[in-house]
file work.txt (compact mmCIF, C-alpha atoms and all ligand atoms)
# COMPACT_ATOMS: atom_id res chain seq x y z
CA MET S 1 124.03 117.11 89.82
CA PRO S 2 120.24 117.56 90.22
CA ARG S 3 118.94 115.01 92.67
CA ILE S 4 116.13 113.63 94.82
CA LEU S 5 116.52 113.21 98.60
CA VAL S 6 115.08 110.01 99.99
CA GLY S 7 114.56 109.67 103.75
CA ILE S 8 115.66 106.19 104.73
CA ASP S 9 114.79 104.94 108.23
CA GLY S 10 114.67 101.22 107.47
CA SER S 11 110.87 101.00 107.29
CA PRO S 12 109.00 99.15 104.49
CA SER S 13 107.27 102.42 103.66
CA CYS S 14 110.51 104.32 102.96
CA LEU S 15 111.65 101.51 100.65
CA ARG S 16 108.46 101.90 98.61
CA ALA S 17 109.16 105.64 98.40
CA LEU S 18 112.71 104.82 97.32
CA HIS S 19 111.41 102.69 94.44
CA TYR S 20 109.18 105.46 93.16
CA ALA S 21 111.97 107.99 93.56
CA ALA S 22 114.33 105.73 91.61
CA GLU S 23 111.82 105.49 88.74
CA VAL S 24 111.49 109.29 88.67
CA ALA S 25 115.26 109.71 88.87
CA ARG S 26 115.76 107.38 85.93
CA ALA S 27 113.12 109.11 83.82
CA LYS S 28 114.41 112.62 84.58
CA ASN S 29 118.11 111.78 84.72
CA LEU S 30 118.51 112.74 88.39
CA SER S 31 120.61 111.10 91.08
CA LEU S 32 119.43 109.94 94.50
CA ASP S 33 120.70 110.87 97.95
CA LEU S 34 119.71 108.21 100.48
CA VAL S 35 119.63 110.08 103.79
CA HIS S 36 119.56 108.43 107.20
CA VAL S 37 119.31 110.78 110.17
CA LEU S 38 120.57 109.40 113.47
CA ALA S 39 119.16 110.62 116.75
CA PRO S 40 121.84 112.18 118.93
CA VAL S 41 122.76 109.96 121.88
CA LEU S 42 121.58 111.91 124.92
CA LEU S 43 122.93 110.44 128.11
CA PRO S 44 123.94 112.10 131.37
CA PRO S 45 127.65 112.87 131.85
CA THR S 46 127.80 110.23 134.58
CA VAL S 47 127.57 107.55 131.91
CA TYR S 48 131.00 106.24 131.04
CA ALA S 49 132.27 107.89 127.80
CA LYS S 50 133.15 104.53 126.28
CA ALA S 51 129.55 103.35 126.72
CA ILE S 52 128.30 106.39 124.80
CA ALA S 53 130.89 105.84 122.05
CA ASP S 54 129.78 102.19 121.83
CA ILE S 55 126.15 103.17 121.38
CA GLU S 56 127.09 105.69 118.70
CA ARG S 57 129.12 103.08 116.87
CA GLN S 58 126.21 100.61 116.98
CA GLU S 59 123.84 103.28 115.64
CA ARG S 60 126.21 104.03 112.76
CA GLU S 61 126.58 100.33 111.97
CA HIS S 62 122.80 100.00 111.97
CA ALA S 63 122.54 103.02 109.63
CA ASP S 64 125.11 101.45 107.30
CA ARG S 65 123.14 98.19 107.15
CA VAL S 66 119.88 100.02 106.49
CA LEU S 67 121.43 102.06 103.67
CA THR S 68 123.19 99.03 102.17
CA THR S 69 119.90 97.09 102.07
CA ALA S 70 118.10 100.05 100.49
CA LEU S 71 120.83 100.50 97.85
CA ALA S 72 120.79 96.79 96.97
CA ASP S 73 117.04 97.05 96.46
CA ILE S 74 117.31 99.62 93.67
CA ALA S 75 120.69 98.56 92.21
CA PRO S 76 119.00 96.95 89.15
CA LEU S 77 117.58 100.35 88.15
CA GLY S 78 121.09 101.69 87.53
CA VAL S 79 120.50 105.13 89.08
CA THR S 80 123.44 107.12 90.49
CA THR S 81 123.21 107.17 94.30
CA ARG S 82 124.96 108.63 97.30
CA ARG S 83 124.58 107.65 100.93
CA VAL S 84 124.31 110.37 103.56
CA THR S 85 124.32 109.70 107.31
CA THR S 86 123.96 112.64 109.68
CA THR S 87 122.91 113.22 113.27
CA GLY S 88 120.07 115.46 114.41
CA ASN S 89 116.36 116.05 114.15
CA PRO S 90 115.08 114.21 111.03
CA VAL S 91 112.73 117.02 109.89
CA ASP S 92 115.24 119.86 110.34
CA THR S 93 117.99 117.81 108.74
CA LEU S 94 115.98 116.72 105.69
CA LEU S 95 114.63 120.25 105.15
CA SER S 96 118.05 121.87 105.42
CA LEU S 97 119.53 119.35 102.96
CA ALA S 98 116.57 120.01 100.65
CA ALA S 99 117.36 123.73 100.61
CA ASP S 100 120.28 122.99 98.25
CA GLU S 101 119.35 124.31 94.81
CA ASP S 102 120.23 120.96 93.20
CA VAL S 103 117.58 119.12 95.21
CA GLU S 104 114.43 118.77 93.09
CA MET S 105 112.23 116.68 95.38
CA ILE S 106 112.05 114.90 98.76
CA ALA S 107 110.73 111.33 98.81
CA ILE S 108 109.55 109.69 102.05
CA GLY S 109 107.20 107.00 103.31
CA THR S 110 104.03 107.65 105.30
CA LYS S 111 105.13 105.55 108.25
CA GLY S 112 108.47 104.95 109.82
CA ARG S 113 109.97 102.58 112.32
CA GLY S 114 107.89 104.16 115.10
CA ALA S 115 104.60 103.53 113.27
CA VAL S 116 101.39 104.01 115.27
CA ALA S 117 98.52 102.37 113.33
CA ARG S 118 95.92 105.04 114.08
CA VAL S 119 97.79 107.94 112.48
CA LEU S 120 97.64 108.50 108.73
CA LEU S 121 101.06 110.11 108.48
CA GLY S 122 103.97 109.87 110.86
CA SER S 123 105.21 113.09 112.42
CA VAL S 124 108.22 113.37 110.12
CA ALA S 125 106.07 112.87 107.01
CA ASP S 126 103.46 115.34 108.27
CA GLN S 127 105.98 118.10 108.99
CA ILE S 128 107.92 117.65 105.77
CA LEU S 129 104.71 117.73 103.75
CA HIS S 130 103.75 121.03 105.39
CA LEU S 131 107.13 122.74 105.58
CA SER S 132 109.05 121.69 102.47
CA PRO S 133 109.53 124.36 99.81
CA LYS S 134 110.28 121.56 97.32
CA PRO S 135 107.90 118.97 95.88
CA VAL S 136 107.31 116.05 98.26
CA LEU S 137 106.63 112.46 97.20
CA ILE S 138 104.93 110.52 100.00
CA VAL S 139 104.36 106.81 99.42
CA HIS S 140 102.11 104.52 101.48
N1 LIG S 201 115.49 109.30 111.01
C1 LIG S 201 115.09 109.35 109.74
N2 LIG S 201 115.99 109.44 108.74
C2 LIG S 201 115.59 109.48 107.46
N3 LIG S 201 114.31 109.44 107.07
C3 LIG S 201 113.36 109.36 108.01
C4 LIG S 201 113.69 109.31 109.40
N4 LIG S 201 112.52 109.23 110.11
C5 LIG S 201 111.53 109.22 109.20
N5 LIG S 201 112.01 109.30 107.94
C6 LIG S 201 111.24 109.31 106.69
O1 LIG S 201 109.91 109.73 106.97
C7 LIG S 201 108.98 108.68 106.65
C8 LIG S 201 107.84 108.70 107.65
O2 LIG S 201 108.36 108.43 108.94
P1 LIG S 201 107.69 109.04 110.26
O3 LIG S 201 108.78 109.16 111.27
O4 LIG S 201 106.92 110.25 109.87
O5 LIG S 201 106.66 107.90 110.66
P2 LIG S 201 106.53 107.15 112.07
O6 LIG S 201 107.90 106.68 112.50
O7 LIG S 201 105.47 106.14 111.85
O8 LIG S 201 106.02 108.30 113.03
P3 LIG S 201 106.70 108.87 114.37
O9 LIG S 201 108.17 109.05 114.11
O10 LIG S 201 105.96 110.17 114.53
O11 LIG S 201 106.39 107.87 115.43
C9 LIG S 201 109.81 107.40 106.63
O12 LIG S 201 109.21 106.41 105.77
C10 LIG S 201 111.13 107.92 106.06
O13 LIG S 201 111.05 108.07 104.64
MG MG S 202 109.50 108.00 112.80
call {"tool": "encode", "arguments": {"input": "work.txt", "output": "structure tokens"}}
result
Amino acid sequence: MPRILVGIDGSPSCLRALHYAAEVARAKNLSLDLVHVLAPVLLPPTVYAKAIADIERQEREHADRVLTTALADIAPLGVTTRRVTTTGNPVDTLLSLAADEDVEMIAIGTKGRGAVARVLLGSVADQILHLSPKPVLIVH
């Protein structure tokens, strides 16, 4: 089914992008993929394996909460949604998912959870805007 990818990192800005994307999806009869990209847990091998597994589990639980909140936010709009959680670099991951021929657009916020006030666009937003072959919706 033709769809819009929405980058969800739990920031207020991505939720505003999600709302716009949901309006577009409803108007154009598209579905939404809510994508949360987890950073790989990089710890030295001396760290006890169970500790690493615990961190990974907490990250996944956090991702689930973030996606659940985002989905609840747009539930009244009645758009078909999927949740996608993957691990890796957010830019590479979003761009490779967007390469699918069914993806019509990528929607993201301008700032994320690591927001630095002096920059206009976060690094993920900046790179996606410049590198995406698909239309990009960026919402303040
Ligand atoms: N890990 C992620 N998974 C999914 N979407 C993301 C992720 N990181 C960022 N995004 C998307 O990109 C938008 C802009 O975030 P970005 O990371 O560019 O801003 P920032 O966190 O303020 O900057 P930086 O990461 O450079 O400190 C977010 O609103 C969100 O839509
Ligand atoms: Mg960020």
call {"tool": "residues_near_ligand", "arguments": {"input": "work.txt", "ligand": "ligand MG 202 (chain S)", "cutoff": "12 Å", "atoms": "all atoms listed in the file", "output": "ChimeraX atom specification"}}
result
/S:7-11,13-14,36-39,89-91,108-116,119,121-127
call {"tool": "atom_distance", "arguments": {"input": "work.txt", "atom1": "atom O9 of ligand LIG 201 (chain S)", "atom2": "CA of Thr68 in chain S"}}
result
21.6 Å
call {"tool": "residues_around", "arguments": {"input": "work.txt", "residues": "Arg60 in chain S", "least_positions_apart": "5", "cutoff": "12 Å", "atoms": "all atoms listed in the file", "output": "tab-separated table (two decimals) with C-alpha atoms, in the coordinates of the input"}}
result
chain	number	residue	atom	x	y	z
S	36	HIS	CA	119.56	108.43	107.20
S	37	VAL	CA	119.31	110.78	110.17
S	38	LEU	CA	120.57	109.40	113.47
S	39	ALA	CA	119.16	110.62	116.75
S	40	PRO	CA	121.84	112.18	118.93
S	41	VAL	CA	122.76	109.96	121.88
S	53	ALA	CA	130.89	105.84	122.05
S	54	ASP	CA	129.78	102.19	121.83
S	55	ILE	CA	126.15	103.17	121.38
S	65	ARG	CA	123.14	98.19	107.15
S	66	VAL	CA	119.88	100.02	106.49
S	67	LEU	CA	121.43	102.06	103.67
S	84	VAL	CA	124.31	110.37	103.56
S	85	THR	CA	124.32	109.70	107.31
S	86	THR	CA	123.96	112.64	109.68
S	87	THR	CA	122.91	113.22	113.27
call {"tool": "closest_residue", "arguments": {"input": "work.txt", "among": "S:Leu5, S:Leu30, S:Ala17, S:His140", "to": "Val79 in chain S", "atoms": "all atoms listed in the file"}}
result
S:Leu30
call {"tool": "atom_distance", "arguments": {"input": "work.txt", "atom1": "CA of Asp33 in chain S", "atom2": "CA of Arg83 in chain S"}}
result
5.9 Å
call {"tool": "residues_near_point", "arguments": {"input": "work.txt", "point": "(106.0, 121.4, 98.2)", "cutoff": "12 Å", "atoms": "only C-alpha atoms", "output": "VMD selection string"}}
result
chain S and resid 95 98 to 99 104 to 107 127 to 138
call {"tool": "atom_distance", "arguments": {"input": "work.txt", "atom1": "CA of Ala27 in chain S", "atom2": "CA of Leu77 in chain S"}}
result
10.7 Å
call {"tool": "residues_around", "arguments": {"input": "work.txt", "residues": "Arg82 in chain S", "least_positions_apart": "4", "cutoff": "9 Å", "atoms": "all atoms listed in the file", "output": "list in words"}}
result
Ser31, Leu32, Asp33, Leu34 and Val35 of chain S
call {"tool": "write_last_selection", "arguments": {"input": "work.txt", "atoms": "C-alpha atoms", "output": "PDB file, in the frame of the given file"}}
result
ATOM      1  CA  SER S  31     120.610 111.100  91.080  1.00  0.00           C
ATOM      2  CA  LEU S  32     119.430 109.940  94.500  1.00  0.00           C
ATOM      3  CA  ASP S  33     120.700 110.870  97.950  1.00  0.00           C
ATOM      4  CA  LEU S  34     119.710 108.210 100.480  1.00  0.00           C
ATOM      5  CA  VAL S  35     119.630 110.080 103.790  1.00  0.00           C
TER       6      VAL S  35
END
